[in-house]
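S.K.: Sharing protein.cif here; it has mmCIF, C-alpha atoms and all ligand atoms.
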```cif
data_start
loop_
_atom_site.label_atom_id
_atom_site.label_comp_id
_atom_site.auth_asym_id
_atom_site.auth_seq_id
_atom_site.Cartn_x
_atom_site.Cartn_y
_atom_site.Cartn_z
CA MET A 208 11.65 8.27 -16.80
CA ASN A 209 10.34 10.18 -19.79
CA THR A 210 11.46 13.80 -19.43
CA GLN A 211 10.82 16.28 -22.20
CA SER A 212 13.80 17.70 -24.10
CA ASP A 213 14.34 21.42 -24.65
CA ASP A 214 13.05 21.47 -28.24
CA GLN A 215 9.69 20.10 -27.12
CA PRO A 216 7.03 22.33 -25.60
CA LEU A 217 6.91 22.42 -21.82
CA THR A 218 3.88 20.33 -20.85
CA ILE A 219 1.70 21.39 -17.92
CA ALA A 220 -1.05 19.00 -16.77
CA LEU A 221 -4.21 20.68 -15.51
CA THR A 222 -6.87 19.04 -13.34
CA LYS A 223 -10.30 18.99 -15.02
CA GLY A 224 -13.45 20.25 -13.31
CA ARG A 225 -13.71 22.86 -10.59
CA ILE A 226 -9.93 23.24 -10.24
CA LEU A 227 -9.74 24.02 -13.98
CA GLN A 228 -12.40 26.74 -13.66
CA ASP A 229 -10.31 28.41 -10.94
CA THR A 230 -6.97 27.83 -12.70
CA LEU A 231 -7.86 29.36 -16.09
CA PRO A 232 -8.23 32.97 -14.79
CA LEU A 233 -4.89 32.64 -12.98
CA LEU A 234 -3.19 31.44 -16.18
CA ALA A 235 -4.82 34.28 -18.12
CA ARG A 236 -3.41 36.85 -15.71
CA CYS A 237 0.09 35.48 -16.46
CA GLY A 238 -0.54 35.50 -20.23
CA LEU A 239 -0.28 31.72 -20.19
CA ASN A 240 -3.87 30.78 -20.93
CA PRO A 241 -4.76 28.20 -23.58
CA VAL A 242 -5.45 29.57 -27.08
CA GLU A 243 -8.83 27.81 -27.04
CA ASP A 244 -11.27 27.53 -24.10
CA PRO A 245 -10.76 23.98 -22.75
CA GLU A 246 -14.20 24.07 -21.15
CA LYS A 247 -15.81 24.41 -24.58
CA SER A 248 -13.79 21.74 -26.35
CA ARG A 249 -13.41 17.96 -26.35
CA ARG A 250 -9.69 18.28 -27.04
CA LEU A 251 -7.31 17.12 -24.31
CA ILE A 252 -4.25 19.07 -25.38
CA PHE A 253 -4.03 22.86 -25.87
CA GLU A 254 -1.33 25.28 -26.92
CA SER A 255 -0.66 28.16 -24.53
CA LYS A 256 -0.79 31.77 -25.73
CA ARG A 257 2.84 31.81 -24.66
CA PRO A 258 4.85 29.88 -27.28
CA GLY A 259 6.69 26.78 -26.12
CA ILE A 260 4.09 25.77 -23.52
CA ARG A 261 1.16 23.38 -23.87
CA PHE A 262 -1.48 22.06 -21.49
CA VAL A 263 -3.04 18.64 -21.11
CA LEU A 264 -6.31 18.03 -19.25
CA LEU A 265 -6.52 15.12 -16.84
CA ARG A 266 -8.21 13.88 -13.70
CA GLY A 267 -6.30 14.84 -10.55
CA ALA A 268 -4.95 11.35 -9.83
CA ASP A 269 -3.60 11.17 -13.38
CA VAL A 270 -1.95 14.60 -13.10
CA VAL A 271 0.15 13.14 -10.27
CA THR A 272 1.13 10.12 -12.41
CA TYR A 273 1.98 12.14 -15.54
CA VAL A 274 4.15 14.62 -13.63
CA ARG A 275 5.82 11.95 -11.52
CA GLN A 276 6.74 9.94 -14.65
CA GLY A 277 7.92 13.04 -16.51
CA ALA A 278 5.31 12.71 -19.28
CA ALA A 279 4.26 16.19 -18.13
CA ASP A 280 6.85 18.62 -16.77
CA ALA A 281 4.52 20.31 -14.29
CA GLY A 282 0.94 20.20 -13.09
CA VAL A 283 -1.87 21.87 -11.22
CA VAL A 284 -3.47 19.47 -8.75
CA GLY A 285 -5.23 19.29 -5.38
CA LYS A 286 -3.20 18.54 -2.26
CA ASP A 287 -5.67 15.70 -1.58
CA MET A 288 -4.39 13.92 -4.71
CA LEU A 289 -0.77 14.42 -3.63
CA LEU A 290 -1.50 13.02 -0.17
CA GLU A 291 -3.36 10.03 -1.61
CA TYR A 292 -1.18 9.12 -4.59
CA GLY A 293 2.23 10.23 -3.29
CA ALA A 294 4.39 13.25 -4.08
CA ALA A 295 7.74 11.44 -4.46
CA GLY A 296 9.51 12.62 -7.62
CA LEU A 297 7.72 15.97 -7.48
CA TYR A 298 8.52 19.41 -6.19
CA GLU A 299 5.60 21.38 -4.79
CA PRO A 300 6.85 24.96 -5.13
CA LEU A 301 3.53 26.82 -5.03
CA ASP A 302 0.28 26.79 -3.13
CA LEU A 303 -2.10 28.46 -5.59
CA GLY A 304 -4.65 28.91 -2.79
CA LEU A 305 -7.52 27.65 -5.00
CA ALA A 306 -10.30 25.19 -4.14
CA LYS A 307 -9.56 25.41 -0.41
CA CYS A 308 -11.22 22.74 1.73
CA SER A 309 -10.18 20.07 4.21
CA LEU A 310 -10.01 16.33 4.59
CA GLN A 311 -11.96 15.16 7.62
CA THR A 312 -13.39 12.13 9.29
CA ALA A 313 -17.16 12.30 9.80
CA GLY A 314 -20.01 10.20 11.10
CA PHE A 315 -23.12 10.27 13.27
CA ALA A 316 -23.28 12.73 16.18
CA ALA A 317 -23.34 9.84 18.69
CA GLY A 318 -19.64 9.50 17.87
CA ARG A 319 -17.24 6.60 17.58
CA LYS A 320 -17.52 3.50 19.77
CA ASP A 321 -14.19 2.89 21.48
CA GLY A 322 -12.53 -0.50 21.14
CA THR A 323 -14.53 -1.70 18.14
CA ARG A 324 -13.10 -2.26 14.68
CA LEU A 325 -14.32 0.58 12.48
CA ARG A 326 -15.62 0.37 8.94
CA VAL A 327 -14.66 3.50 7.01
CA ALA A 328 -15.55 4.58 3.46
CA SER A 329 -13.35 6.91 1.45
CA LYS A 330 -12.01 7.83 -1.96
CA PHE A 331 -8.76 8.47 -0.09
CA VAL A 332 -7.95 4.96 1.10
CA ASN A 333 -4.22 5.56 1.60
CA VAL A 334 -4.81 8.75 3.60
CA ALA A 335 -7.49 6.99 5.67
CA ARG A 336 -5.33 3.91 6.34
CA SER A 337 -2.40 6.06 7.55
CA PHE A 338 -4.63 8.30 9.65
CA TYR A 339 -6.32 5.49 11.63
CA ALA A 340 -3.05 3.52 11.93
CA ALA A 341 -1.31 6.60 13.42
CA LYS A 342 -4.11 6.87 15.99
CA GLY A 343 -3.90 3.17 16.78
CA VAL A 344 -7.53 2.67 15.71
CA GLN A 345 -8.30 -0.58 13.90
CA ALA A 346 -10.19 0.23 10.71
CA ASP A 347 -11.30 -1.59 7.57
CA ILE A 348 -11.19 0.90 4.73
CA ILE A 349 -13.67 0.54 1.88
CA LYS A 350 -13.00 2.39 -1.39
CA LEU A 351 -15.96 4.31 -2.79
CA TYR A 352 -15.97 6.72 -5.73
CA GLY A 353 -18.53 9.35 -4.67
CA ALA A 354 -21.61 10.19 -2.59
CA MET A 355 -19.58 9.19 0.48
CA GLU A 356 -22.18 10.56 2.91
CA LEU A 357 -24.63 7.85 1.85
CA ALA A 358 -22.42 5.03 3.14
CA PRO A 359 -23.03 5.54 6.93
CA MET A 360 -26.71 6.31 6.30
CA LEU A 361 -27.23 2.94 4.61
CA GLY A 362 -25.15 1.08 7.19
CA LEU A 363 -22.30 0.23 4.81
CA VAL A 364 -19.76 1.86 7.17
CA ASP A 365 -19.48 3.58 10.55
CA GLU A 366 -17.79 6.72 9.26
CA ILE A 367 -16.16 8.37 6.29
CA VAL A 368 -12.99 10.21 5.33
CA ASP A 369 -13.93 12.89 2.84
CA ILE A 370 -13.46 16.41 1.53
CA VAL A 371 -15.41 19.03 3.50
CA ASP A 372 -15.85 22.51 2.08
CA THR A 373 -18.94 24.32 3.40
CA GLY A 374 -20.06 21.31 5.48
CA ASN A 375 -23.48 21.46 3.80
CA THR A 376 -23.33 17.92 2.42
CA LEU A 377 -22.51 16.47 5.86
CA ARG A 378 -25.31 18.47 7.51
CA ALA A 379 -27.84 17.64 4.80
CA ASN A 380 -27.18 13.95 5.40
CA GLY A 381 -27.24 14.00 9.21
CA LEU A 382 -23.47 13.65 9.72
CA VAL A 383 -20.99 15.70 11.75
CA PRO A 384 -17.24 16.22 11.30
CA PHE A 385 -15.01 14.38 13.80
CA GLU A 386 -11.33 15.01 13.09
CA HIS A 387 -9.46 17.35 10.77
CA ILE A 388 -6.87 15.38 8.78
CA ALA A 389 -5.39 17.99 6.43
CA ASP A 390 -5.97 21.38 4.85
CA ILE A 391 -6.37 21.07 1.10
CA SER A 392 -5.75 23.57 -1.69
CA THR A 393 -4.50 23.50 -5.26
CA ARG A 394 -0.74 23.15 -5.78
CA PHE A 395 1.62 23.78 -8.69
CA VAL A 396 3.89 20.74 -8.90
CA VAL A 397 7.00 20.13 -10.97
CA ASN A 398 8.78 16.93 -12.01
CA LYS A 399 12.18 16.91 -10.26
CA ALA A 400 14.18 16.08 -13.40
CA ALA A 401 12.31 18.73 -15.42
CA MET A 402 13.19 21.29 -12.74
CA ARG A 403 16.85 20.72 -13.67
CA THR A 404 16.49 20.46 -17.46
CA ARG A 405 13.85 23.23 -17.95
CA HIS A 406 14.94 25.34 -15.00
CA ALA A 407 14.77 28.86 -16.50
CA LEU A 408 11.27 28.48 -17.98
CA LEU A 409 9.84 26.70 -14.95
CA THR A 410 11.30 29.27 -12.55
CA ASP A 411 9.76 32.03 -14.67
CA ILE A 412 6.33 30.34 -14.63
CA ILE A 413 6.52 29.69 -10.87
CA GLY A 414 7.41 33.37 -10.32
CA SER A 415 4.49 34.61 -12.45
CA LEU A 416 1.92 32.22 -10.98
CA GLY A 417 3.15 32.97 -7.47
CA ALA A 418 2.81 36.72 -8.02
CA VAL A 419 -0.77 36.53 -9.38
CA SER A 420 -1.95 33.98 -6.83
CA GLU A 421 -0.64 36.12 -3.95
CA SER A 422 -2.42 39.20 -5.29
CA SER A 423 -5.78 37.46 -5.83
C1 LIG B 501 -17.35 16.71 -2.44
C2 LIG B 501 -17.14 15.90 -1.18
C3 LIG B 501 -18.40 16.17 -0.39
C4 LIG B 501 -18.74 17.59 -0.80
C5 LIG B 501 -18.28 18.53 0.29
O1 LIG B 501 -18.15 15.97 -3.29
O2 LIG B 501 -16.95 14.53 -1.49
O3 LIG B 501 -19.43 15.28 -0.76
O4 LIG B 501 -18.02 17.90 -2.00
O5 LIG B 501 -18.64 19.86 0.01
P1 LIG B 501 -19.45 20.72 1.09
O6 LIG B 501 -18.76 20.57 2.41
O7 LIG B 501 -19.39 22.14 0.55
O8 LIG B 501 -20.86 20.22 1.12
P2 LIG B 501 -18.29 16.29 -4.83
O9 LIG B 501 -19.27 17.40 -5.04
O10 LIG B 501 -16.94 16.50 -5.42
O11 LIG B 501 -18.96 14.96 -5.39
P3 LIG B 501 -18.66 13.41 -5.14
O12 LIG B 501 -19.70 12.93 -4.19
O13 LIG B 501 -18.78 12.82 -6.49
O14 LIG B 501 -17.27 13.27 -4.57
#
```
Translate this file's structure into structure tokens.
M.R.:
Amino acid sequence: MNTQSDDQPLTIALTKGRILQDTLPLLARCGLNPVEDPEKSRRLIFESKRPGIRFVLLRGADVVTYVRQGAADAGVVGKDMLLEYGAAGLYEPLDLGLAKCSLQTAGFAAGRKDGTRLRVASKFVNVARSFYAAKGVQADIIKLYGAMELAPMLGLVDEIVDIVDTGNTLRANGLVPFEHIADISTRFVVNKAAMRTRHALLTDIIGSLGAVSESS
């Protein structure tokens, strides 16, 4: 495992996209924000205004890998990514309460036919496999990378496991939610070894982020 030593900057991996838009104001309120606006740059690594801290920008799945392996000390990532890619090796000390949504099953209003083997599309194949197995429902899970709602409409699958926020995308495509699988929000995660070796700084950051996320 590659953990950072004390003379290196503490590395925090941020999830690109909508989570980043919500995370930047929170970091700014703690005086931790990047010196340069990551949304206006092609760089992938940014110094923090607070010396001794730097940020790297990654996709959510890769945030989990970097923090788990210790290549980043901490990260900001959606709970969906932790459920799908595994949170072993990580502490999850803070729910930042950003990008709240849920993971649900969904399909046509006629519902699920009992006793038949289901075809299910999802980005979250591990979550989907565990969910149907726990219910004792036989399901073939097909990995897709986006536009999940199209898959039942075109007959590729019977139903989907996907993120639902407002529910507008389901409604606009003639689908209804079936079962709630998990509540999702953005979490601050820490590599377990880094929590020991960089304890004072990480505890300070967790305290600051926790205080501003509670008050927002
Ligand atoms: C996500 C998700 C749904 C939609 C849900 O897709 O996969 O399609 O948002 O939001 P809603 O309930 O508010 O309509 P995203 O926009 O991330 O695009 P994707 O199809 O590439 O996953």
S.K.: So the first atom is CA of Asp390 (chain A) and the second is CA of Ala306 (chain A); what is the distance between them in Å, to one decimal place?
M.R.: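 Answer for the CA of Asp390 (chain A) to CA of Ala306 (chain A) separation: 10.7 Å.
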S.K.: Using all atoms listed in the file, which of A:Pro232, A:Gly296, A:Gly343, A:Gly267 sits nearest ligand LIG 501 (chain B)?
M.R.: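 Checking each candidate against ligand LIG 501 (chain B), we get A:Gly267 as the closest.
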S.K.: Point out the residue among A:Leu377, A:Ala346, A:Leu305, A:Val368 with the least atom-to-atom distance to Asp321 (chain A), counting all atoms listed in the file.
M.R.: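 Closest residue, counting all atoms listed in the file: A:Ala346.
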S.K.: Counting only C-alpha atoms and all ligand atoms, what are the residues of chain A within 7 Å of ligand LIG 501 (chain B), and for each of them which pair of atoms is the nearest and at what distance in Å, to one decimal? Sort the table by chain and rising number, as a Markdown table.
M.R.:
```
| residue | atom | partner | partner_atom | distance |
| --- | --- | --- | --- | --- |
| A:Tyr352 | CA | B:LIG501 | O13 | 6.8 |
| A:Gly353 | CA | B:LIG501 | O12 | 3.8 |
| A:Ala354 | CA | B:LIG501 | O12 | 3.7 |
| A:Met355 | CA | B:LIG501 | O12 | 6.0 |
| A:Glu356 | CA | B:LIG501 | O3 | 6.6 |
| A:Asp369 | CA | B:LIG501 | O2 | 5.5 |
| A:Ile370 | CA | B:LIG501 | C2 | 4.6 |
| A:Val371 | CA | B:LIG501 | O6 | 3.8 |
| A:Asp372 | CA | B:LIG501 | O6 | 3.5 |
| A:Thr373 | CA | B:LIG501 | O7 | 3.6 |
| A:Gly374 | CA | B:LIG501 | O6 | 3.4 |
| A:Asn375 | CA | B:LIG501 | O8 | 3.9 |
| A:Thr376 | CA | B:LIG501 | O8 | 3.6 |
| A:Leu377 | CA | B:LIG501 | O8 | 6.3 |
```
S.K.: Neighbours of Ala358 (chain A) within 10 Å (all atoms listed in the file; same-chain residues fewer than 2 positions away dropped), as JSON, numbers by chain?
M.R.: {"A": [314, 327, 328, 329, 349, 351, 353, 354, 355, 356, 360, 361, 362, 363, 364, 365, 366, 367]}
S.K.: Check the smallest atom-to-atom distance from each of A:Arg403, A:Leu325, A:Leu221, A:Ser392 to Leu301 (chain A) using all atoms listed in the file, then report the winner.
M.R.: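 The answer is A:Ser392, which sits nearest to Leu301 (chain A).
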S.K.: Calculated over all atoms listed in the file, which of the candidates A:Leu234, A:Ile219, A:Leu265, A:Val271 has the smallest distance to Ala295 (chain A)?
M.R.: A:Val271
S.K.: Report, in Å to a single decimal, how far apart CA of Arg250 (chain A) and CA of Gly224 (chain A) are.
M.R.: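 Between CA of Gly224 (chain A) and CA of Arg250 (chain A) the gap works out to 14.4 Å.
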S.K.: Report as JSON, numbers by chain all protein, DNA and RNA residues lying within 9 Å of Pro300 (chain A), evaluated on only C-alpha atoms, omitting residues in the same chain fewer than 4 positions from it.
M.R.: {"A": [394, 395, 396, 397, 413]}
S.K.: Place a sphere of radius 12 Å on (2.7, 38.3, -20.3) in the file coordinates and name every protein, DNA or RNA residue with an atom inside or on its surface, counting only C-alpha atoms; give the answer as an mmCIF file with C-alpha atoms, keeping the file's coordinate frame.
M.R.:
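What ended up in point13.cif:
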```cif
data_model
loop_
_atom_site.group_PDB
_atom_site.id
_atom_site.type_symbol
_atom_site.label_atom_id
_atom_site.label_comp_id
_atom_site.auth_asym_id
_atom_site.auth_seq_id
_atom_site.Cartn_x
_atom_site.Cartn_y
_atom_site.Cartn_z
ATOM 1 C CA LEU A 233 -4.890 32.640 -12.980
ATOM 2 C CA LEU A 234 -3.190 31.440 -16.180
ATOM 3 C CA ALA A 235 -4.820 34.280 -18.120
ATOM 4 C CA ARG A 236 -3.410 36.850 -15.710
ATOM 5 C CA CYS A 237 0.090 35.480 -16.460
ATOM 6 C CA GLY A 238 -0.540 35.500 -20.230
ATOM 7 C CA LEU A 239 -0.280 31.720 -20.190
ATOM 8 C CA ASN A 240 -3.870 30.780 -20.930
ATOM 9 C CA SER A 255 -0.660 28.160 -24.530
ATOM 10 C CA LYS A 256 -0.790 31.770 -25.730
ATOM 11 C CA ARG A 257 2.840 31.810 -24.660
ATOM 12 C CA PRO A 258 4.850 29.880 -27.280
ATOM 13 C CA ASP A 411 9.760 32.030 -14.670
ATOM 14 C CA ILE A 412 6.330 30.340 -14.630
ATOM 15 C CA SER A 415 4.490 34.610 -12.450
ATOM 16 C CA LEU A 416 1.920 32.220 -10.980
ATOM 17 C CA VAL A 419 -0.770 36.530 -9.380
#
```
S.K.: Kindly give the distance, in Å, that separates CA of Leu290 (chain A) and CA of Asn333 (chain A), rounded to a single decimal.
M.R.: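 Separation of CA of Leu290 (chain A) and CA of Asn333 (chain A): 8.1 Å.
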S.K.: Nearest to Asp302 (chain A): which of A:Ala335, A:Ala418, A:Asp280, A:Ala379 is it, counting only C-alpha atoms?
M.R.: A:Ala418
S.K.: Excluding Ala389 (chain A) and residues on its chain fewer than 5 positions from it, collect all residues at most 9 Å away from it, counting all atoms listed in the file, and give them as a PyMOL selection string.
M.R.: chain A and resi 286-287+308-311
S.K.: Within 6 Å of Phe315 (chain A), counting all atoms listed in the file, which residues qualify if same-chain residues fewer than 2 places away don't, as an NGL selection string?
M.R.: :A and (317-318 or 382)
S.K.: Would you list the contacts of Leu217 (chain A) as an NGL selection string, taking every protein, DNA or RNA residue within 7 Å and counting all atoms listed in the file, but skipping same-chain residues closer than 6 positions in sequence?
M.R.: :A and (259-261 or 280)
S.K.: My list of candidates is A:Leu289, A:Ile388, A:Val274, A:Pro241. Which is closest to Thr312 (chain A) when distances are computed with all atoms listed in the file?
M.R.: A:Ile388
